[in-house]
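Accompanying notes for the structure given below.
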Amino acid sequence: MDLAADFWNNKYKNNKIGWDLGEISPPLKAYFDQLDNKELKILIPGGGNSYEAEYLFNKGFKNVYVIDLSETAIENLKKRIPNLPEKQLILGDFFDLEMQFDLIIEQTFFCAINPTLRAKYAIKMKDVLKGEGKLVGLLFDAKLNDDHPPFGGTKKEYIKYFEPFFSFETFNECYNSYPNRQGMELFIKFKKK
């Protein structure tokens, strides 16, 4: 299964982006609205059109970074958030990233990567988070596709990836999901051990 840059560029160019809500995800908006520390260094991996990055930046969080394989997605962000410094929009592979962050936001990236990379994802998240950094966001709690993204999964499966590296502050069914995702999402707030 080839999920390289060309795959994602073609998705964006042909508007085959069914995972894209066209707006910030309600659970993440609610989480962001209670954050006070505008100095947090925040990463959104596999950010795509990243309405979350736009929302955070417009709320005064100036250390927001997005990494994505798709040049088209990065260009879309440059147009939508022209004041976001270009160095904070990273065209590249998350697994090659050599930076550290206070907070990482998970929004459809985990379900977009090949499921064989999930254990590696958990390790890399631990590595790119600072001391007591947090991984916060949404994971699908549903059977989805086997041969193309989005790939689903279960809470039971996810525990084995994350438990060695994170304390689970929140790991519950999401109560305020976007309407077409009701009952299909888990809200996570994991703290690096």
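How things are named: the first chain in the structure tokens is A, the next is B, and so on; residues count from 1 in each chain; ligands count from 1 in the order shown.
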Report as a tab-separated table: every residue of stretch 102-138 of chain A with an atom at most 6 Å from stretch 41-49 of chain A, its closest pair of atoms, and their distance in Å to one decimal, counting only C-alpha atoms, with rows sorted by chain and ascending residue number.
residue	atom	partner	partner_atom	distance
A:Asp102	CA	A:Lys41	CA	5.3
A:Leu103	CA	A:Ile42	CA	4.8
A:Ile104	CA	A:Leu43	CA	4.7
A:Ile105	CA	A:Ile44	CA	5.0
A:Phe109	CA	A:Gly46	CA	5.1
(request) Enumerate the residues of stretch 121-173 of chain A with a DSSP assignment of alpha helix (DSSP H), computed from the backbone, and present them as a ChimeraX atom specification. (result) /A:121-128,155-162
Could you please take those selected residues and save all heavy atoms as a short mmCIF file (atom, residue, chain, number, x, y, z; two decimals), in the first residue's frame?
data_model
loop_
_atom_site.label_atom_id
_atom_site.label_comp_id
_atom_site.auth_asym_id
_atom_site.auth_seq_id
_atom_site.Cartn_x
_atom_site.Cartn_y
_atom_site.Cartn_z
N TYR A 121 4.60 4.90 15.53
CA TYR A 121 3.96 6.19 15.79
C TYR A 121 4.03 6.51 17.28
O TYR A 121 4.39 7.63 17.66
CB TYR A 121 2.51 6.12 15.30
CG TYR A 121 1.59 7.24 15.72
CD1 TYR A 121 1.21 8.23 14.82
CD2 TYR A 121 1.05 7.30 17.01
CE1 TYR A 121 0.32 9.24 15.18
CE2 TYR A 121 0.17 8.31 17.38
CZ TYR A 121 -0.18 9.27 16.47
OH TYR A 121 -1.05 10.28 16.84
N ALA A 122 3.66 5.55 18.12
CA ALA A 122 3.66 5.79 19.57
C ALA A 122 5.06 6.12 20.07
O ALA A 122 5.24 7.04 20.88
CB ALA A 122 3.10 4.58 20.31
N ILE A 123 6.05 5.40 19.59
CA ILE A 123 7.44 5.66 19.99
C ILE A 123 7.89 7.04 19.52
O ILE A 123 8.50 7.80 20.28
CB ILE A 123 8.37 4.56 19.42
CG1 ILE A 123 8.07 3.22 20.08
CG2 ILE A 123 9.84 4.94 19.61
CD1 ILE A 123 8.69 2.02 19.38
N LYS A 124 7.57 7.38 18.28
CA LYS A 124 7.97 8.69 17.74
C LYS A 124 7.28 9.82 18.50
O LYS A 124 7.90 10.86 18.77
CB LYS A 124 7.66 8.77 16.24
CG LYS A 124 8.19 10.03 15.58
CD LYS A 124 9.71 10.10 15.58
CE LYS A 124 10.21 11.33 14.84
NZ LYS A 124 11.67 11.40 14.82
N MET A 125 6.01 9.63 18.86
CA MET A 125 5.30 10.64 19.65
C MET A 125 6.03 10.89 20.97
O MET A 125 6.23 12.03 21.37
CB MET A 125 3.86 10.21 19.93
CG MET A 125 2.95 10.35 18.75
SD MET A 125 2.71 12.08 18.31
CE MET A 125 1.83 11.92 16.77
N LYS A 126 6.43 9.82 21.61
CA LYS A 126 7.19 9.95 22.87
C LYS A 126 8.48 10.74 22.62
O LYS A 126 8.83 11.63 23.39
CB LYS A 126 7.52 8.57 23.42
CG LYS A 126 8.49 8.59 24.61
CD LYS A 126 9.07 7.23 24.91
CE LYS A 126 9.89 6.67 23.81
NZ LYS A 126 11.33 6.83 23.89
N ASP A 127 9.16 10.44 21.53
CA ASP A 127 10.44 11.07 21.24
C ASP A 127 10.33 12.56 20.91
O ASP A 127 11.23 13.33 21.24
CB ASP A 127 11.14 10.36 20.07
CG ASP A 127 11.59 8.96 20.43
OD1 ASP A 127 11.66 8.62 21.64
OD2 ASP A 127 11.88 8.18 19.50
N VAL A 128 9.25 12.98 20.25
CA VAL A 128 9.14 14.38 19.85
C VAL A 128 8.42 15.24 20.89
O VAL A 128 8.32 16.45 20.71
CB VAL A 128 8.52 14.57 18.44
CG1 VAL A 128 9.38 13.94 17.38
CG2 VAL A 128 7.11 14.07 18.38
N LYS A 155 -10.09 0.81 21.13
CA LYS A 155 -9.37 1.26 22.32
C LYS A 155 -8.43 0.18 22.82
O LYS A 155 -7.28 0.45 23.17
CB LYS A 155 -10.37 1.66 23.41
CG LYS A 155 -9.73 2.19 24.66
CD LYS A 155 -10.80 2.66 25.65
CE LYS A 155 -10.17 3.23 26.90
NZ LYS A 155 -11.18 3.74 27.83
N LYS A 156 -8.90 -1.05 22.83
CA LYS A 156 -8.07 -2.18 23.30
C LYS A 156 -6.78 -2.28 22.49
O LYS A 156 -5.69 -2.49 23.05
CB LYS A 156 -8.87 -3.48 23.21
CG LYS A 156 -8.13 -4.69 23.71
CD LYS A 156 -8.99 -5.93 23.62
CE LYS A 156 -8.19 -7.15 24.08
NZ LYS A 156 -8.95 -8.38 23.92
N GLU A 157 -6.88 -2.13 21.18
CA GLU A 157 -5.70 -2.17 20.32
C GLU A 157 -4.75 -1.02 20.65
O GLU A 157 -3.54 -1.20 20.76
CB GLU A 157 -6.13 -2.09 18.85
CG GLU A 157 -4.94 -1.98 17.89
CD GLU A 157 -5.33 -1.49 16.49
OE1 GLU A 157 -6.54 -1.36 16.19
OE2 GLU A 157 -4.40 -1.20 15.72
N TYR A 158 -5.31 0.17 20.81
CA TYR A 158 -4.48 1.36 21.01
C TYR A 158 -3.71 1.31 22.32
O TYR A 158 -2.59 1.82 22.41
CB TYR A 158 -5.34 2.63 20.96
CG TYR A 158 -6.15 2.78 19.69
CD1 TYR A 158 -7.34 3.50 19.69
CD2 TYR A 158 -5.75 2.22 18.48
CE1 TYR A 158 -8.09 3.67 18.54
CE2 TYR A 158 -6.49 2.38 17.32
CZ TYR A 158 -7.67 3.10 17.36
OH TYR A 158 -8.41 3.25 16.22
N ILE A 159 -4.31 0.73 23.35
CA ILE A 159 -3.65 0.67 24.66
C ILE A 159 -2.28 0.03 24.54
O ILE A 159 -1.29 0.53 25.11
CB ILE A 159 -4.54 -0.08 25.68
CG1 ILE A 159 -5.72 0.81 26.06
CG2 ILE A 159 -3.74 -0.48 26.92
CD1 ILE A 159 -6.79 0.10 26.90
N LYS A 160 -2.16 -1.03 23.78
CA LYS A 160 -0.87 -1.73 23.69
C LYS A 160 0.21 -0.86 23.05
O LYS A 160 1.38 -1.01 23.37
CB LYS A 160 -1.02 -3.07 22.96
CG LYS A 160 -1.31 -2.97 21.50
CD LYS A 160 -1.50 -4.35 20.87
CE LYS A 160 -1.81 -4.21 19.38
NZ LYS A 160 -2.22 -5.44 18.77
N TYR A 161 -0.17 0.05 22.17
CA TYR A 161 0.82 0.94 21.56
C TYR A 161 1.28 2.03 22.51
O TYR A 161 2.46 2.37 22.57
CB TYR A 161 0.26 1.61 20.30
CG TYR A 161 -0.23 0.68 19.23
CD1 TYR A 161 -1.49 0.84 18.68
CD2 TYR A 161 0.57 -0.37 18.76
CE1 TYR A 161 -1.95 -0.01 17.68
CE2 TYR A 161 0.11 -1.23 17.78
CZ TYR A 161 -1.15 -1.05 17.25
OH TYR A 161 -1.61 -1.88 16.26
N PHE A 162 0.34 2.61 23.24
CA PHE A 162 0.62 3.82 24.00
C PHE A 162 0.99 3.61 25.46
O PHE A 162 1.72 4.42 26.03
CB PHE A 162 -0.57 4.78 23.90
CG PHE A 162 -0.81 5.31 22.52
CD1 PHE A 162 -1.86 4.83 21.75
CD2 PHE A 162 0.03 6.26 21.98
CE1 PHE A 162 -2.07 5.31 20.46
CE2 PHE A 162 -0.17 6.75 20.70
CZ PHE A 162 -1.22 6.27 19.93
#
(request) Quick one: pull the distance between atom CA of A:Lys193 and atom CA of A:Ala119, Å, one decimal. (result) 16.2 Å
(request) Point out the residue among A:Pro82, A:Gln107, A:Lys191, A:Phe168 with the least atom-to-atom distance to A:Pro27, counting only C-alpha atoms. (result) A:Gln107
(message) Taking only chain A into account, list the residues labelled strand (DSSP E or B) by DSSP (computed from the backbone), as JSON, numbers by chain.
(response) {"A": [42, 43, 44, 45, 64, 65, 66, 67, 68, 89, 90, 91, 101, 102, 103, 104, 105, 106, 107, 129, 130, 131, 132, 133, 134, 135, 136, 137, 138, 139, 140, 142, 145, 151, 153, 166, 167, 168, 169, 170, 171, 172, 173, 185, 186, 187, 188, 189, 190, 191, 192]}
Create the file for the chosen residues now, containing N, CA and C atoms and written as a compact mmCIF listing (two decimals), in the first residue's frame.
# COMPACT_ATOMS: atom_id res chain seq x y z
N ILE A 42 3.39 23.71 19.68
CA ILE A 42 2.36 22.74 19.30
C ILE A 42 2.64 22.19 17.91
N LEU A 43 2.49 20.88 17.77
CA LEU A 43 2.64 20.22 16.47
C LEU A 43 1.34 19.55 16.07
N ILE A 44 0.99 19.70 14.79
CA ILE A 44 -0.12 18.94 14.21
C ILE A 44 0.48 18.11 13.08
N PRO A 45 0.72 16.81 13.35
CA PRO A 45 1.32 15.95 12.32
C PRO A 45 0.28 15.48 11.31
N VAL A 64 2.76 27.31 16.56
CA VAL A 64 2.03 26.19 15.98
C VAL A 64 2.77 25.71 14.74
N TYR A 65 3.03 24.42 14.69
CA TYR A 65 3.72 23.79 13.57
C TYR A 65 2.83 22.73 12.95
N VAL A 66 2.93 22.59 11.63
CA VAL A 66 2.23 21.53 10.91
C VAL A 66 3.27 20.82 10.06
N ILE A 67 3.22 19.49 10.07
CA ILE A 67 4.05 18.70 9.15
C ILE A 67 3.13 17.83 8.32
N ASP A 68 3.41 17.77 7.02
CA ASP A 68 2.61 16.95 6.13
C ASP A 68 3.46 16.53 4.94
N LEU A 89 5.56 25.51 8.78
CA LEU A 89 4.84 24.62 7.87
C LEU A 89 5.88 23.72 7.23
N ILE A 90 5.94 22.49 7.68
CA ILE A 90 7.03 21.58 7.32
C ILE A 90 6.53 20.55 6.30
N LEU A 91 7.13 20.58 5.12
CA LEU A 91 6.87 19.56 4.12
C LEU A 91 7.82 18.41 4.41
N PHE A 101 8.23 19.15 21.12
CA PHE A 101 7.05 19.98 21.30
C PHE A 101 6.45 19.76 22.68
N ASP A 102 5.70 20.76 23.14
CA ASP A 102 4.96 20.64 24.41
C ASP A 102 3.66 19.88 24.23
N LEU A 103 3.07 20.02 23.05
CA LEU A 103 1.75 19.47 22.79
C LEU A 103 1.68 19.02 21.34
N ILE A 104 1.17 17.80 21.14
CA ILE A 104 0.94 17.30 19.79
C ILE A 104 -0.56 17.02 19.66
N ILE A 105 -1.12 17.47 18.55
CA ILE A 105 -2.55 17.31 18.31
C ILE A 105 -2.77 16.21 17.27
N GLU A 106 -3.53 15.21 17.66
CA GLU A 106 -3.87 14.09 16.77
C GLU A 106 -5.26 14.34 16.18
N GLN A 107 -5.28 14.50 14.86
CA GLN A 107 -6.55 14.72 14.15
C GLN A 107 -6.43 14.04 12.79
N LEU A 129 7.97 14.62 21.96
CA LEU A 129 7.38 15.40 23.05
C LEU A 129 8.44 15.74 24.09
N LYS A 130 8.37 16.96 24.59
CA LYS A 130 9.27 17.38 25.68
C LYS A 130 8.87 16.66 26.96
N GLY A 131 9.68 16.85 28.00
CA GLY A 131 9.52 16.25 29.32
C GLY A 131 8.17 15.68 29.69
N GLU A 132 7.22 16.54 30.00
CA GLU A 132 5.89 16.08 30.38
C GLU A 132 4.87 16.49 29.32
N GLY A 133 5.32 16.44 28.07
CA GLY A 133 4.45 16.84 26.97
C GLY A 133 3.24 15.95 26.83
N LYS A 134 2.26 16.44 26.06
CA LYS A 134 0.99 15.73 25.92
C LYS A 134 0.65 15.49 24.45
N LEU A 135 0.05 14.35 24.23
CA LEU A 135 -0.56 13.99 22.95
C LEU A 135 -2.07 14.06 23.18
N VAL A 136 -2.74 14.95 22.44
CA VAL A 136 -4.16 15.19 22.65
C VAL A 136 -4.88 15.12 21.31
N GLY A 137 -6.04 14.50 21.30
CA GLY A 137 -6.81 14.50 20.07
C GLY A 137 -7.82 13.40 20.00
N LEU A 138 -8.01 12.93 18.77
CA LEU A 138 -9.08 11.97 18.48
C LEU A 138 -8.54 10.75 17.76
N LEU A 139 -9.04 9.60 18.16
CA LEU A 139 -8.76 8.34 17.46
C LEU A 139 -10.09 7.70 17.11
N PHE A 140 -10.16 7.08 15.94
CA PHE A 140 -11.38 6.37 15.58
C PHE A 140 -11.52 5.12 16.44
N ALA A 142 -13.73 2.49 15.70
CA ALA A 142 -14.68 1.89 14.76
C ALA A 142 -13.92 1.09 13.71
N ASN A 145 -11.69 0.95 7.12
CA ASN A 145 -11.18 0.30 5.92
C ASN A 145 -9.96 -0.56 6.23
N PHE A 151 -8.05 4.18 8.38
CA PHE A 151 -8.02 2.87 9.02
C PHE A 151 -8.57 3.02 10.43
N GLY A 153 -9.92 1.16 14.26
CA GLY A 153 -9.31 0.39 15.33
C GLY A 153 -10.15 0.45 16.57
N PHE A 166 3.07 6.41 27.80
CA PHE A 166 2.18 7.50 28.20
C PHE A 166 1.29 7.11 29.38
N SER A 167 0.97 8.12 30.20
CA SER A 167 -0.09 7.98 31.21
C SER A 167 -1.36 8.48 30.55
N PHE A 168 -2.45 7.77 30.75
CA PHE A 168 -3.73 8.12 30.13
C PHE A 168 -4.50 9.04 31.05
N GLU A 169 -4.48 10.35 30.76
CA GLU A 169 -5.27 11.30 31.55
C GLU A 169 -6.73 11.27 31.11
N THR A 170 -6.94 11.13 29.82
CA THR A 170 -8.29 10.97 29.25
C THR A 170 -8.18 9.99 28.10
N PHE A 171 -9.10 9.03 28.08
CA PHE A 171 -9.11 8.02 27.02
C PHE A 171 -10.54 7.48 26.96
N ASN A 172 -11.47 8.35 26.52
CA ASN A 172 -12.89 8.06 26.62
C ASN A 172 -13.61 8.27 25.30
N GLU A 173 -14.80 7.69 25.21
CA GLU A 173 -15.65 7.97 24.06
C GLU A 173 -15.90 9.48 24.01
N GLU A 185 -15.57 7.98 17.87
CA GLU A 185 -14.30 8.60 18.23
C GLU A 185 -14.00 8.45 19.71
N LEU A 186 -12.72 8.37 20.00
CA LEU A 186 -12.21 8.45 21.36
C LEU A 186 -11.47 9.77 21.50
N PHE A 187 -11.70 10.46 22.61
CA PHE A 187 -10.90 11.65 22.91
C PHE A 187 -9.76 11.20 23.80
N ILE A 188 -8.55 11.59 23.41
CA ILE A 188 -7.36 11.19 24.19
C ILE A 188 -6.59 12.39 24.70
N LYS A 189 -6.10 12.25 25.90
CA LYS A 189 -5.12 13.19 26.45
C LYS A 189 -4.10 12.31 27.18
N PHE A 190 -2.97 12.09 26.50
CA PHE A 190 -1.92 11.23 27.02
C PHE A 190 -0.73 12.09 27.42
N LYS A 191 -0.19 11.82 28.60
CA LYS A 191 0.98 12.54 29.10
C LYS A 191 2.19 11.64 29.01
N LYS A 192 3.26 12.18 28.48
CA LYS A 192 4.51 11.40 28.34
C LYS A 192 5.01 10.95 29.72
(request) Tell me which protein, DNA and RNA residues are within 9 Å of A:Ser25, counting only C-alpha atoms, leaving out same-chain ones fewer than 5 positions away, and put them as a list in words. (result) Ala30, Tyr51, Glu52, Gln107, Ser177 and Tyr178 of chain A
(request) Tell me, in Å to one decimal, how far atom CA of A:Glu163 is from atom CA of A:Pro26. (result) 26.2 Å
(request) Determine, counting only C-alpha atoms, which protein, DNA and RNA residues have an atom within 7 Å of an atom of A:Glu39; residues of the same chain fewer than 2 positions away are not included. Present the result as a list in words. (result) Asn37, Lys41, Phe61 and Asn63 of chain A
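You will find atom CA of A:Arg118 at 14.6 Å from atom CA of A:Asp93.
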Compile the contact shell of A:Asp36 as a JSON list (two decimals) with N, CA, C and O atoms, in the first residue's frame: residues with an atom at most 12 Å away, counting only C-alpha atoms, same-chain residues fewer than 4 positions apart removed.
[["chain", "number", "residue", "atom", "x", "y", "z"],
["A", 31, "TYR", "N", -11.25, 21.80, 23.52],
["A", 31, "TYR", "CA", -9.98, 21.64, 24.24],
["A", 31, "TYR", "C", -9.12, 22.90, 24.12],
["A", 31, "TYR", "O", -8.60, 23.41, 25.12],
["A", 32, "PHE", "N", -8.99, 23.42, 22.92],
["A", 32, "PHE", "CA", -8.17, 24.62, 22.70],
["A", 32, "PHE", "C", -8.71, 25.82, 23.48],
["A", 32, "PHE", "O", -7.93, 26.63, 23.97],
["A", 40, "LEU", "N", 2.95, 27.63, 24.34],
["A", 40, "LEU", "CA", 3.13, 26.21, 24.04],
["A", 40, "LEU", "C", 3.62, 26.02, 22.61],
["A", 40, "LEU", "O", 3.13, 26.67, 21.67],
["A", 56, "LEU", "N", -5.87, 27.85, 16.22],
["A", 56, "LEU", "CA", -4.89, 28.13, 17.27],
["A", 56, "LEU", "C", -4.11, 29.41, 16.97],
["A", 56, "LEU", "O", -3.95, 30.26, 17.85],
["A", 59, "LYS", "N", -6.01, 32.46, 17.57],
["A", 59, "LYS", "CA", -6.26, 32.69, 19.00],
["A", 59, "LYS", "C", -5.01, 33.17, 19.74],
["A", 59, "LYS", "O", -5.04, 33.33, 20.96],
["A", 60, "GLY", "N", -3.90, 33.34, 19.02],
["A", 60, "GLY", "CA", -2.70, 33.88, 19.64],
["A", 60, "GLY", "C", -1.63, 32.85, 19.97],
["A", 60, "GLY", "O", -0.61, 33.20, 20.57],
["A", 61, "PHE", "N", -1.82, 31.60, 19.58],
["A", 61, "PHE", "CA", -0.79, 30.58, 19.76],
["A", 61, "PHE", "C", 0.16, 30.70, 18.57],
["A", 61, "PHE", "O", -0.16, 30.28, 17.47]]
